[in-house]
>>> print(open('entry_28.cif').read())   # mmCIF, C-alpha atoms
data_input
#
loop_
_atom_site.label_atom_id
_atom_site.label_comp_id
_atom_site.auth_asym_id
_atom_site.auth_seq_id
_atom_site.Cartn_x
_atom_site.Cartn_y
_atom_site.Cartn_z
CA MET A 10 24.59 55.28 -68.01
CA SER A 11 23.15 52.82 -65.50
CA ARG A 12 25.08 49.73 -64.46
CA ASN A 13 24.64 46.54 -66.42
CA ILE A 14 24.39 44.38 -63.32
CA TYR A 15 23.53 41.26 -65.32
CA GLN A 16 26.80 41.46 -67.27
CA GLU A 17 28.65 42.22 -64.03
CA LEU A 18 27.18 39.15 -62.34
CA TRP A 19 28.14 36.95 -65.28
CA ASP A 20 31.66 38.39 -65.56
CA LEU A 21 32.22 37.79 -61.85
CA ASP A 22 30.75 34.31 -62.11
CA ILE A 23 33.36 33.14 -64.62
CA GLN A 24 36.34 34.61 -62.80
CA PRO A 25 38.92 31.98 -61.74
CA GLY A 26 37.82 30.29 -58.52
CA ASN A 27 34.14 31.03 -59.06
CA ASN A 28 31.55 28.58 -60.33
CA GLY A 29 30.35 29.92 -63.70
CA CYS A 30 31.29 28.11 -66.90
CA THR A 31 32.79 29.53 -70.07
CA VAL A 32 31.00 28.46 -73.25
CA THR A 33 31.93 28.01 -76.89
CA ALA A 34 30.12 27.21 -80.11
CA ARG A 35 31.39 25.71 -83.36
CA GLY A 36 32.88 27.86 -86.09
CA LEU A 37 31.93 27.61 -89.74
CA ASP A 38 34.65 25.00 -90.17
CA GLY A 39 33.02 22.79 -87.53
CA GLN A 40 35.82 23.34 -85.01
CA TRP A 41 35.21 24.75 -81.53
CA LEU A 42 35.95 28.47 -81.39
CA ASN A 43 37.45 28.07 -77.90
CA ALA A 44 38.69 24.54 -77.32
CA ASP A 45 39.41 25.34 -73.65
CA ALA A 46 35.86 26.45 -72.77
CA ASP A 47 34.05 24.61 -69.97
CA ILE A 48 30.97 23.97 -72.12
CA LYS A 49 30.85 23.11 -75.80
CA LEU A 50 27.39 24.00 -77.12
CA ASP A 51 26.37 22.29 -80.35
CA GLU A 52 23.14 23.84 -81.68
CA GLN A 53 23.47 22.01 -85.02
CA ASN A 54 20.35 22.65 -87.14
CA GLU A 55 17.26 24.81 -87.07
CA LEU A 56 13.96 23.12 -86.22
CA SER A 57 12.09 22.50 -89.48
CA SER A 58 8.64 21.52 -88.15
CA SER A 59 6.73 21.00 -84.92
CA SER A 60 7.25 17.24 -85.12
CA SER A 61 10.77 16.96 -86.52
CA ASP A 62 14.08 16.10 -84.91
CA ASP A 63 16.76 18.05 -86.79
CA ALA A 64 19.61 17.61 -84.30
CA PRO A 65 21.11 14.12 -84.13
CA ASN A 66 23.72 14.99 -81.50
CA PRO A 67 23.44 16.25 -77.90
CA LEU A 68 23.01 19.98 -77.37
CA ILE A 69 25.81 20.08 -74.79
CA ALA A 70 28.62 18.21 -76.50
CA ASP A 71 30.96 18.46 -73.53
CA CYS A 72 31.06 19.99 -70.07
CA ASN A 73 33.83 20.38 -67.52
CA ALA A 74 32.97 17.59 -65.07
CA GLU A 75 35.04 19.21 -62.31
CA LYS A 76 32.76 22.25 -62.33
CA LEU A 77 29.72 20.06 -61.75
CA GLN A 78 31.31 18.69 -58.58
CA GLY A 79 31.26 22.15 -57.01
CA LYS A 80 29.22 22.50 -53.83
CA THR A 81 26.56 24.76 -55.32
CA TYR A 82 25.98 22.37 -58.26
CA LEU A 83 25.67 19.36 -55.94
CA ALA A 84 23.31 21.24 -53.63
CA LEU A 85 21.21 22.26 -56.65
CA LYS A 86 21.06 18.69 -57.93
CA ALA A 87 19.79 17.46 -54.56
CA LEU A 88 16.65 19.60 -55.03
CA MET A 89 15.64 18.13 -58.38
CA ASN A 90 13.58 15.18 -57.06
CA ASN A 91 11.50 17.27 -54.67
CA TYR A 92 8.83 18.23 -57.21
CA VAL A 93 5.92 16.52 -58.97
CA PHE A 94 5.85 17.01 -62.75
CA ASN A 95 2.05 17.39 -62.75
CA ALA A 96 1.54 21.12 -62.19
CA ARG A 97 -1.76 20.53 -60.34
CA GLN A 98 -0.58 17.75 -58.06
CA SER A 99 0.27 18.45 -54.44
CA GLU A 100 3.76 19.62 -53.52
CA ASP A 101 5.23 19.73 -50.02
CA HIS A 102 5.01 23.22 -48.58
CA LEU A 103 7.93 24.62 -46.63
CA GLY A 104 7.78 22.96 -43.23
CA ASP A 105 5.99 19.84 -44.47
CA ASN A 106 9.02 17.71 -45.31
CA ALA A 107 12.09 17.85 -43.07
CA VAL A 108 14.41 16.24 -45.64
CA GLU A 109 13.42 18.58 -48.47
CA ASP A 110 13.49 21.60 -46.17
CA ALA A 111 17.04 20.69 -45.13
CA GLU A 112 18.07 20.41 -48.79
CA ILE A 113 16.72 23.91 -49.47
CA GLU A 114 18.52 25.34 -46.44
CA ASN A 115 21.75 23.62 -47.49
CA PHE A 116 21.44 25.08 -50.99
CA LEU A 117 20.90 28.56 -49.55
CA ASP A 118 23.88 28.02 -47.23
CA GLU A 119 26.11 27.12 -50.18
CA ILE A 120 25.14 30.05 -52.40
CA GLU A 121 24.63 32.95 -49.98
CA ASP A 122 28.31 33.81 -49.42
CA THR A 123 29.42 33.29 -53.02
CA PRO A 124 30.84 36.41 -54.71
CA VAL A 125 27.90 36.49 -57.15
CA MET A 126 25.23 36.53 -54.42
CA GLN A 127 27.24 39.10 -52.47
CA LEU A 128 27.39 41.35 -55.55
CA ALA A 129 23.62 41.01 -56.02
CA PHE A 130 23.06 41.87 -52.34
CA THR A 131 25.34 44.92 -52.52
CA TYR A 132 23.72 46.17 -55.74
CA ILE A 133 20.21 45.81 -54.30
CA ASN A 134 21.13 47.79 -51.20
CA ASP A 135 23.57 50.37 -52.55
CA ASP A 136 22.31 51.02 -56.09
CA LEU A 137 18.59 50.34 -55.70
CA GLY A 138 18.40 51.85 -52.22
CA VAL A 139 16.77 48.83 -50.60
CA ASN A 140 17.52 48.53 -46.90
CA VAL A 141 17.65 44.77 -46.40
CA SER A 142 19.90 42.81 -44.05
CA LYS A 143 21.67 39.61 -45.06
CA SER A 144 19.25 37.48 -43.06
CA GLU A 145 16.26 39.30 -44.57
CA PHE A 146 17.75 38.92 -48.05
CA ARG A 147 18.08 35.18 -47.55
CA GLU A 148 14.43 34.96 -46.54
CA VAL A 149 13.38 36.93 -49.63
CA VAL A 150 15.40 34.60 -51.86
CA LYS A 151 13.79 31.61 -50.15
CA ARG A 152 10.29 33.06 -50.52
CA LEU A 153 10.75 34.04 -54.15
CA TRP A 154 12.15 30.69 -55.23
CA PHE A 155 10.81 28.03 -52.87
CA ASP A 156 7.48 29.09 -51.35
CA VAL A 157 4.61 26.99 -52.69
CA TYR A 158 1.62 29.13 -53.71
CA THR A 159 -1.56 29.17 -55.79
CA ASN A 160 -1.29 31.21 -58.97
CA TYR A 161 -4.49 32.97 -60.10
CA TYR A 162 -3.36 34.22 -63.51
CA GLN A 163 -6.47 35.16 -65.55
CA ASN A 164 -8.60 33.85 -62.65
CA ASN A 165 -7.49 30.30 -63.38
CA PRO A 166 -6.25 28.97 -60.03
CA VAL A 167 -3.24 26.66 -60.28
CA PRO A 168 -2.22 25.33 -56.86
CA PHE A 169 1.17 24.04 -55.72
CA CYS A 170 3.25 26.48 -57.79
CA SER A 171 6.89 27.18 -57.03
CA GLY A 172 9.38 29.43 -58.77
CA PHE A 173 12.10 26.82 -58.50
CA GLU A 174 9.88 24.05 -59.84
CA HIS A 175 8.77 26.05 -62.87
CA ILE A 176 11.99 27.85 -63.78
CA VAL A 177 14.55 25.16 -63.02
CA VAL A 178 12.86 21.76 -62.89
CA GLY A 179 10.04 22.20 -65.42
CA GLU A 180 6.44 21.02 -65.12
CA SER A 181 3.51 19.87 -67.20
CA LYS A 182 1.13 22.43 -68.64
CA GLY A 183 -2.18 21.97 -66.86
CA ASN A 184 -2.31 18.20 -66.32
CA PRO A 185 -0.11 15.12 -66.76
CA ASN A 186 -1.69 14.38 -70.15
CA ALA A 187 -0.88 17.80 -71.57
CA LYS A 188 1.69 17.77 -74.35
CA GLY A 189 3.58 20.89 -73.36
CA ILE A 190 6.24 21.59 -70.77
CA GLY A 191 6.15 24.76 -68.69
CA GLY A 192 9.31 26.52 -67.57
CA TYR A 193 12.50 24.43 -67.77
CA HIS A 194 14.79 27.45 -68.11
CA SER A 195 17.99 26.07 -66.54
CA TRP A 196 20.94 24.78 -68.54
CA THR A 197 22.09 22.88 -65.46
CA LYS A 198 18.84 20.92 -65.18
CA TYR A 199 18.96 20.32 -68.92
CA LEU A 200 22.47 18.87 -68.62
CA PHE A 201 21.45 16.59 -65.74
CA ASP A 202 18.56 15.32 -67.88
CA GLN A 203 20.78 14.91 -70.92
CA GLU A 204 23.24 12.83 -68.89
CA SER A 205 20.43 10.56 -67.67
CA GLY A 206 18.98 10.19 -71.17
CA ARG A 207 15.69 11.91 -70.33
CA VAL A 208 15.89 14.76 -72.83
CA SER A 209 16.43 14.80 -76.59
CA PHE A 210 17.45 17.94 -78.49
CA ASN A 211 15.38 18.55 -81.64
CA GLY A 212 17.04 21.71 -83.02
CA PHE A 213 17.32 25.41 -82.33
CA ASN A 214 14.31 27.72 -82.65
CA TYR A 215 14.72 31.47 -82.05
CA ASP A 216 11.90 32.60 -84.33
CA ASN A 217 8.98 33.28 -82.01
CA LYS A 218 7.98 36.89 -82.78
CA PHE A 219 11.52 37.78 -83.81
CA ASP A 220 11.21 37.54 -87.61
CA LYS A 221 13.48 34.62 -88.42
CA LEU A 222 16.41 35.37 -86.18
CA SER A 223 17.29 31.73 -85.60
CA PRO A 224 20.59 31.66 -87.52
CA LYS A 225 21.88 34.70 -85.61
CA GLY A 226 20.75 33.41 -82.23
CA ALA A 227 22.44 30.09 -82.86
CA LEU A 228 25.78 31.87 -83.26
CA VAL A 229 25.69 32.99 -79.62
CA PRO A 230 26.92 30.27 -77.25
CA HIS A 231 25.61 31.96 -74.10
CA VAL A 232 21.96 31.24 -74.87
CA ALA A 233 19.98 28.29 -76.19
CA THR A 234 16.45 28.70 -77.51
CA VAL A 235 15.56 25.22 -78.55
CA SER A 236 13.04 22.45 -79.11
CA VAL A 237 13.32 19.41 -76.84
CA THR A 238 11.52 16.15 -76.16
CA TYR A 239 11.47 15.27 -72.48
CA GLU A 240 10.59 12.17 -70.49
CA PRO A 241 9.37 13.11 -67.01
CA LEU A 242 9.28 10.66 -64.14
CA ASP A 243 6.55 10.23 -61.53
CA MET A 244 7.28 10.28 -57.80
CA ASP A 245 8.19 6.58 -57.96
CA GLY A 246 10.77 7.22 -60.66
CA GLN A 247 8.69 5.69 -63.44
CA PRO A 248 8.45 7.27 -66.94
CA MET A 249 5.25 9.21 -67.63
CA GLY A 250 5.46 9.39 -71.43
CA ARG A 251 7.37 11.81 -73.60
CA LYS A 252 6.54 15.53 -73.67
CA ARG A 253 7.65 18.05 -76.29
CA LYS A 254 8.57 21.71 -75.92
CA ASN A 255 9.12 23.40 -79.28
CA LEU A 256 10.24 26.76 -77.93
CA GLY A 257 12.13 27.19 -74.70
CA GLY A 258 15.14 29.19 -73.72
CA PHE A 259 17.85 29.40 -71.09
CA PHE A 260 21.21 31.04 -70.56
CA VAL A 261 24.15 28.64 -70.84
CA GLY A 262 27.01 28.75 -68.35
CA PRO A 263 25.81 30.66 -65.26
CA SER A 264 26.45 28.89 -61.97
CA PRO A 265 23.53 27.89 -59.71
CA GLU A 266 24.08 31.03 -57.65
CA CYS A 267 24.04 33.23 -60.77
CA GLN A 268 20.85 31.53 -61.99
CA ILE A 269 19.29 32.37 -58.62
CA ALA A 270 20.71 35.91 -58.39
CA MET A 271 19.56 37.28 -61.76
CA PRO A 272 15.79 36.92 -61.16
CA VAL A 273 16.19 38.22 -57.59
CA VAL A 274 17.89 41.35 -58.93
CA ALA A 275 15.15 41.64 -61.58
CA TYR A 276 12.49 41.41 -58.88
CA TYR A 277 14.05 44.21 -56.82
CA GLU A 278 14.54 46.32 -59.96
CA SER A 279 10.85 45.85 -60.76
CA LEU A 280 9.93 47.15 -57.30
CA LYS A 281 11.97 50.27 -58.07
CA ASN A 282 10.39 50.69 -61.53
CA GLN A 283 13.71 49.85 -63.21
CA PHE A 284 12.65 46.66 -64.99
CA PHE A 285 10.66 47.53 -68.10
CA VAL A 286 10.92 48.35 -71.81
CA GLY A 287 9.27 51.10 -73.81
CA SER A 288 7.15 53.34 -71.64
CA GLY A 289 6.66 50.63 -69.04
CA ARG A 290 2.89 51.15 -69.19
CA THR A 291 1.61 47.94 -70.78
CA GLN A 292 1.69 44.60 -69.02
CA ARG A 293 4.35 43.23 -71.39
CA GLU A 294 6.50 46.31 -70.98
CA LYS A 295 6.36 45.85 -67.21
CA THR A 296 7.57 42.26 -67.39
CA GLU A 297 10.58 42.62 -69.70
CA LYS A 298 13.89 44.44 -69.66
CA GLU A 299 16.32 44.82 -72.57
CA VAL A 300 19.94 44.16 -71.65
CA GLU A 301 23.23 43.51 -73.42
CA ILE A 302 25.15 40.45 -72.25
CA HIS A 303 28.32 39.33 -74.00
CA ASP A 304 27.66 39.43 -77.76
CA ALA A 305 23.88 39.80 -77.76
CA VAL A 306 20.86 41.87 -76.80
CA TYR A 307 18.16 40.07 -74.82
CA ARG A 308 14.76 40.71 -73.38
CA LEU A 309 14.82 39.32 -69.86
CA VAL A 310 11.30 38.17 -69.00
CA LEU A 311 10.16 38.28 -65.37
CA TYR A 312 6.77 36.87 -64.37
CA MET A 313 5.59 37.12 -60.79
CA ALA A 314 2.73 35.21 -59.18
CA THR A 315 -0.80 36.55 -59.63
CA ARG A 316 -2.89 36.84 -56.47
CA GLU A 317 -6.58 35.98 -56.27
CA ASP A 318 -7.50 39.66 -56.61
CA GLN A 319 -5.38 39.74 -59.84
CA THR A 320 -2.66 41.90 -58.28
CA ARG A 321 1.03 41.11 -58.64
CA GLY A 322 2.37 38.70 -56.05
CA ASP A 323 5.77 38.36 -54.40
CA ARG A 324 6.75 34.87 -55.59
CA LEU A 325 8.55 34.05 -58.82
CA ARG A 326 6.49 32.52 -61.60
CA SER A 327 9.05 32.51 -64.43
CA PHE A 328 12.30 34.07 -65.65
CA TYR A 329 14.02 33.49 -68.98
CA PRO A 330 15.94 35.26 -71.77
CA LYS A 331 14.60 36.06 -75.25
CA PHE A 332 17.31 36.64 -77.84
CA VAL A 333 16.66 39.88 -79.76
CA LYS A 334 19.74 40.53 -81.88
CA LEU A 335 23.51 40.49 -81.97
CA LYS A 336 25.07 43.43 -80.18
CA SER A 337 26.28 46.19 -82.47
CA GLY A 338 29.73 45.31 -83.77
CA ALA A 339 29.66 41.76 -82.43
CA ILE A 340 31.81 39.31 -84.33
CA ILE A 341 30.99 35.74 -83.31
CA GLU A 342 32.73 33.81 -86.08
CA PRO A 343 36.44 34.66 -86.14
CA ILE A 344 38.55 34.98 -89.26
CA GLU A 345 40.33 31.68 -89.92
CA ASP A 346 43.85 33.12 -90.01
CA ASP A 347 45.50 36.06 -88.30
CA THR A 348 45.12 39.26 -90.32
CA GLN A 349 47.67 42.04 -89.85
CA GLY A 350 46.63 45.31 -91.50
CA ILE A 351 47.97 48.83 -91.65
CA ILE A 352 47.94 48.87 -87.85
CA ALA A 353 49.46 45.58 -86.65
CA VAL A 354 49.68 43.90 -83.25
CA ILE A 355 53.38 43.28 -82.51
CA SER A 356 53.42 42.00 -78.92
CA MET A 357 51.31 41.85 -75.78
CA LEU A 358 51.32 41.07 -72.07
CA ALA A 359 48.13 39.33 -70.98
CA ASN A 360 49.40 37.81 -67.73
CA PRO A 361 51.50 40.34 -65.78
CA ALA A 362 53.72 39.17 -62.96
CA GLY A 363 51.90 41.49 -60.54
CA PRO A 364 48.31 42.76 -60.43
CA GLU A 365 46.57 42.52 -63.80
CA GLU A 366 44.56 45.72 -63.62
CA GLY A 367 46.54 48.54 -65.22
CA ASN A 368 49.46 46.31 -66.19
CA GLU A 369 48.17 44.52 -69.29
CA TRP A 370 49.29 46.01 -72.61
CA VAL A 371 49.27 45.54 -76.37
CA GLU A 372 51.99 46.94 -78.63
CA ILE A 373 50.84 48.11 -82.06
CA GLU A 374 52.73 49.28 -85.15
CA ASN A 375 51.93 51.65 -88.01
CA ARG A 376 53.00 49.71 -91.12
CA THR A 377 52.49 52.61 -93.52
CA ASP A 378 54.58 55.63 -94.50
CA GLU A 379 51.96 58.08 -93.25
CA ILE A 380 50.73 59.28 -89.87
CA ILE A 381 47.52 57.44 -88.92
CA ASN A 382 44.98 59.17 -86.70
CA LEU A 383 43.34 56.45 -84.58
CA ASP A 384 40.38 58.53 -83.37
CA GLY A 385 37.36 56.22 -83.41
CA PHE A 386 39.49 53.06 -83.72
CA GLN A 387 39.10 50.35 -81.09
CA MET A 388 40.91 47.28 -79.88
CA VAL A 389 38.35 44.58 -79.07
CA ASP A 390 38.70 41.33 -77.14
CA HIS A 391 37.03 37.97 -77.86
CA ASN A 392 33.95 39.00 -75.84
CA ASN A 393 33.59 42.17 -77.95
CA ARG A 394 34.68 44.44 -75.11
CA PRO A 395 36.49 47.53 -76.48
CA GLU A 396 39.54 49.60 -75.61
CA PRO A 397 39.23 52.94 -77.47
CA LEU A 398 42.25 54.22 -79.41
CA SER A 399 42.32 58.01 -79.63
CA MET A 400 45.88 58.84 -80.54
CA SER A 401 48.00 59.26 -83.66
CA ILE A 402 50.85 56.96 -84.56
CA GLU A 403 53.85 57.99 -86.65
CA PRO A 404 54.93 56.11 -89.82
CA ARG A 405 56.67 52.80 -89.11
CA GLN A 406 56.54 53.50 -85.37
CA ARG A 407 55.30 51.35 -82.50
CA LEU A 408 53.07 52.32 -79.60
CA ARG A 409 52.30 50.46 -76.38
CA VAL A 410 48.61 50.68 -75.44
CA MET A 411 47.73 49.96 -71.82
CA VAL A 412 44.53 47.96 -71.30
CA SER A 413 42.63 50.14 -68.86
CA ARG A 414 39.80 47.82 -67.71
CA SER A 415 38.06 51.11 -66.91
CA THR A 416 34.60 49.46 -66.73
CA PRO A 417 33.33 45.85 -66.54
CA ASP A 418 32.48 46.19 -70.25
CA SER A 419 36.00 47.31 -71.21
CA MET A 420 38.57 45.15 -72.96
CA GLN A 421 40.24 42.42 -70.90
CA LEU A 422 43.08 40.09 -71.82
CA THR A 423 42.47 36.59 -70.50
CA ASN A 424 45.38 34.41 -69.38
CA SER A 425 43.83 31.35 -71.05
CA GLY A 426 44.06 32.84 -74.56
CA GLY A 427 41.70 34.70 -76.87
CA THR A 428 41.70 37.16 -79.73
CA ILE A 429 42.49 40.83 -80.28
CA ARG A 430 40.86 42.76 -83.10
CA ILE A 431 41.50 46.33 -84.23
CA VAL A 432 38.56 47.96 -86.00
CA ASP A 433 38.30 51.41 -87.53
CA ALA A 434 35.68 54.09 -86.85
CA SER A 435 33.27 52.37 -89.24
CA GLY A 436 33.65 49.03 -87.48
CA ASP A 437 35.64 47.50 -90.35
CA LEU A 438 38.29 44.98 -89.39
CA ILE A 439 41.90 46.16 -89.67
CA THR A 440 43.77 43.49 -87.72
CA LYS A 441 42.95 40.28 -85.92
CA VAL A 442 45.32 38.00 -84.01
CA ALA A 443 44.68 34.96 -81.83
CA TYR A 444 46.90 34.50 -78.80
CA PRO A 445 47.53 31.34 -76.75
CA LYS A 446 47.49 30.70 -73.04
CA SER A 447 50.33 32.63 -71.42
CA SER A 448 52.33 32.02 -68.27
CA ASN A 449 52.98 34.58 -65.57
CA GLY A 450 54.96 37.56 -66.93
CA GLU A 451 55.25 36.10 -70.45
CA VAL A 452 55.34 38.58 -73.35
CA LEU A 453 53.78 37.19 -76.55
CA PHE A 454 55.08 38.26 -79.98
CA PHE A 455 53.41 38.34 -83.41
CA THR A 456 54.86 38.67 -86.91
#
>>> encode(input="entry_28.cif", output="structure tokens")
Amino acid sequence: MSRNIYQELWDLDIQPGNNGCTVTARGLDGQWLNADADIKLDEQNELSSSSSDDAPNPLIADCNAEKLQGKTYLALKALMNNYVFNARQSEDHLGDNAVEDAEIENFLDEIEDTPVMQLAFTYINDDLGVNVSKSEFREVVKRLWFDVYTNYYQNNPVPFCSGFEHIVVGESKGNPNAKGIGGYHSWTKYLFDQESGRVSFNGFNYDNKFDKLSPKGALVPHVATVSVTYEPLDMDGQPMGRKRKNLGGFFVGPSPECQIAMPVVAYYESLKNQFFVGSGRTQREKTEKEVEIHDAVYRLVLYMATREDQTRGDRLRSFYPKFVKLKSGAIIEPIEDDTQGIIAVISMLANPAGPEEGNEWVEIENRTDEIINLDGFQMVDHNNRPEPLSMSIEPRQRLRVMVSRSTPDSMQLTNSGGTIRIVDASGDLITKVAYPKSSNGEVLFFT
């Protein structure tokens, strides 16, 4: 089985000390599923028409302000005023504007040695077999994201294109009078606009070609596919009239470096014929890849520039996620109260005094008078990562199960709290307990 580098990047991104944000949604009772998450995403209601506003409250109800003061976030924010909203109006090329060029170099300086960018670099070289030095890699990232180019898609030349402008900042479709918004696939840019009052959330909308999947998509806090109304500013900072985008999507929570790294990895995978769905023969199949991230399955969409001769270019045109379905066995909405079944959780150690790997454990108990064969049973954490159970447990006996962390997709016990579920071979819930934040070396007990 090939590596899921996108999940690995995200998992690394939200490790303590790194810059990614944890995200939560509301439960059926209206309460946040994880009150300690960095971002509280409030998708509210489904869009009912192309002109409606079905969401009275902000999409991002709350965000950890301390995270946004990180160096990579501040360096990203400095780039936001370097682009003209009109997609056909002149942009400064690299080398034309010393101030903007310095801001780009500073951003690259801030992200290049982050753990996420280092993981992307290592994967590209070691797993994809690309022989690229760190300095060459930086230049590729710069070219992909910041070079200004003319896009000739379907022989319709559009000058002054930039991957960063389209994907992160957003731009008008065709001309300043056009109603639509192109790109705008960054939760960070969306939050900056929300804070300045330039964007209004109209409701979630996951339905495009996915047969009414909106309610399921809205359960997943790590993605937002939404309708928004946006007020762009001209180069003098003056409003240009409100624009509406009824279907647009972005991941929620990845740091600036993770937002940059994912499309770069996708680009290199595409060069190695590892970024496609189906047979990879049609144009659509060559621009999408199906991946599992957290609780959901997505199609990652990668569009590269089109050259004048209609061949594929080497600059980014767009990158965004399309929600497909919930991952098999995913449980987004937790049970209101702890449920202890025939196999019960008795105690656990989520925060060992020493190294965590190999030292976390959960103690379980057989509460019946019969031997229970646990083949096919799993313990599952709050991110739906499993720890297989393949043993038998005697009547009324207890068993300590070590949490192996054998792969990045295996069960992990977080120090900040979470849930543990035990499911049988059919995926039916046996036991579910929620555990609080634990201090170093603290054993937690359950009744």
>>> resolve_selection(input="entry_28.cif", expression="the PyMOL selection byres ((chain A and resi 400) around 7)", output="PDB file with C-alpha atoms, keeping the file's coordinate frame")
ATOM      1  CA  ASN A 382      44.980  59.170 -86.700  1.00  0.00           C
ATOM      2  CA  LEU A 383      43.340  56.450 -84.580  1.00  0.00           C
ATOM      3  CA  ASP A 384      40.380  58.530 -83.370  1.00  0.00           C
ATOM      4  CA  LEU A 398      42.250  54.220 -79.410  1.00  0.00           C
ATOM      5  CA  SER A 399      42.320  58.010 -79.630  1.00  0.00           C
ATOM      6  CA  SER A 401      48.000  59.260 -83.660  1.00  0.00           C
ATOM      7  CA  ILE A 402      50.850  56.960 -84.560  1.00  0.00           C
TER       8      ILE A 402
END
>>> resolve_selection(input="entry_28.cif", expression="the PyMOL selection byres ((chain A and resi 152-157) around 8)", output="list of chain:residue names")
A:Glu100, A:Asp101, A:His102, A:Leu103, A:Ile113, A:Glu148, A:Val149, A:Val150, A:Lys151, A:Tyr158, A:Thr159, A:Phe169, A:Cys170, A:Ser171, A:Gly172, A:Phe173, A:Val273, A:Asp323, A:Arg324, A:Leu325
>>> residues_around(input="entry_28.cif", residues="segment 361-377 of chain A", least_positions_apart="4", cutoff="6 Å", atoms="all atoms listed in the file", output="tab-separated table (two decimals) with C-alpha atoms, in the coordinates of the input")
chain	number	residue	atom	x	y	z
A	351	ILE	CA	47.97	48.83	-91.65
A	352	ILE	CA	47.94	48.87	-87.85
A	353	ALA	CA	49.46	45.58	-86.65
A	354	VAL	CA	49.68	43.90	-83.25
A	355	ILE	CA	53.38	43.28	-82.51
A	356	SER	CA	53.42	42.00	-78.92
A	357	MET	CA	51.31	41.85	-75.78
A	404	PRO	CA	54.93	56.11	-89.82
A	405	ARG	CA	56.67	52.80	-89.11
A	406	GLN	CA	56.54	53.50	-85.37
A	407	ARG	CA	55.30	51.35	-82.50
A	408	LEU	CA	53.07	52.32	-79.60
A	409	ARG	CA	52.30	50.46	-76.38
A	410	VAL	CA	48.61	50.68	-75.44
A	411	MET	CA	47.73	49.96	-71.82
A	412	VAL	CA	44.53	47.96	-71.30
A	413	SER	CA	42.63	50.14	-68.86
A	449	ASN	CA	52.98	34.58	-65.57
A	450	GLY	CA	54.96	37.56	-66.93
>>> closest_residue(input="entry_28.cif", among="A:Cys72, A:Ala111, A:Ala270, A:Val261", to="Ala233 of chain A", atoms="all atoms listed in the file")
A:Val261
>>> closest_residue(input="entry_28.cif", among="A:Val229, A:Ala64, A:Leu83, A:Val93", to="Val32 of chain A", atoms="all atoms listed in the file")
A:Val229
>>> atom_distance(input="entry_28.cif", atom1="atom CA of Glu266 of chain A", atom2="atom CA of Ser195 of chain A")
11.9 Å
>>> closest_residue(input="entry_28.cif", among="A:Val178, A:Ala129, A:Leu200, A:Leu422", to="Lys49 of chain A", atoms="only C-alpha atoms")
A:Leu200
>>> closest_residue(input="entry_28.cif", among="A:Ile429, A:Leu85, A:Val232, A:Val208", to="Thr31 of chain A", atoms="all atoms listed in the file")
A:Val232
>>> closest_residue(input="entry_28.cif", among="A:Pro265, A:Pro272, A:Pro241, A:Gly426", to="Lys80 of chain A", atoms="all atoms listed in the file")
A:Pro265
>>> closest_residue(input="entry_28.cif", among="A:Asn91, A:Thr320, A:Ser327, A:Ser58", to="Glu297 of chain A", atoms="only C-alpha atoms")
A:Ser327
>>> resolve_selection(input="entry_28.cif", expression="the PyMOL selection byres ((chain A and resi 12-14) around 10)", output="ChimeraX atom specification")
/A:10-11,15-20,128-129,132,136,271,274-275,300-302,416-418
>>> residues_around(input="entry_28.cif", residues="Ser447 of chain A", least_positions_apart="4", cutoff="10 Å", atoms="all atoms listed in the file", output="PyMOL selection string")
chain A and resi 358-361+423-426+451-453
>>> residues_near_point(input="entry_28.cif", point="(22.4, 26.6, -46.0)", cutoff="12 Å", atoms="all atoms listed in the file", output="PyMOL selection string")
chain A and resi 80-81+84-85+110-123+144+147-148+151
>>> write_last_selection(input="entry_28.cif", atoms="C-alpha atoms", output="mmCIF file, in the frame of the given file")
data_model
loop_
_atom_site.group_PDB
_atom_site.id
_atom_site.type_symbol
_atom_site.label_atom_id
_atom_site.label_comp_id
_atom_site.auth_asym_id
_atom_site.auth_seq_id
_atom_site.Cartn_x
_atom_site.Cartn_y
_atom_site.Cartn_z
ATOM 1 C CA LYS A 80 29.220 22.500 -53.830
ATOM 2 C CA THR A 81 26.560 24.760 -55.320
ATOM 3 C CA ALA A 84 23.310 21.240 -53.630
ATOM 4 C CA LEU A 85 21.210 22.260 -56.650
ATOM 5 C CA ASP A 110 13.490 21.600 -46.170
ATOM 6 C CA ALA A 111 17.040 20.690 -45.130
ATOM 7 C CA GLU A 112 18.070 20.410 -48.790
ATOM 8 C CA ILE A 113 16.720 23.910 -49.470
ATOM 9 C CA GLU A 114 18.520 25.340 -46.440
ATOM 10 C CA ASN A 115 21.750 23.620 -47.490
ATOM 11 C CA PHE A 116 21.440 25.080 -50.990
ATOM 12 C CA LEU A 117 20.900 28.560 -49.550
ATOM 13 C CA ASP A 118 23.880 28.020 -47.230
ATOM 14 C CA GLU A 119 26.110 27.120 -50.180
ATOM 15 C CA ILE A 120 25.140 30.050 -52.400
ATOM 16 C CA GLU A 121 24.630 32.950 -49.980
ATOM 17 C CA ASP A 122 28.310 33.810 -49.420
ATOM 18 C CA THR A 123 29.420 33.290 -53.020
ATOM 19 C CA SER A 144 19.250 37.480 -43.060
ATOM 20 C CA ARG A 147 18.080 35.180 -47.550
ATOM 21 C CA GLU A 148 14.430 34.960 -46.540
ATOM 22 C CA LYS A 151 13.790 31.610 -50.150
#
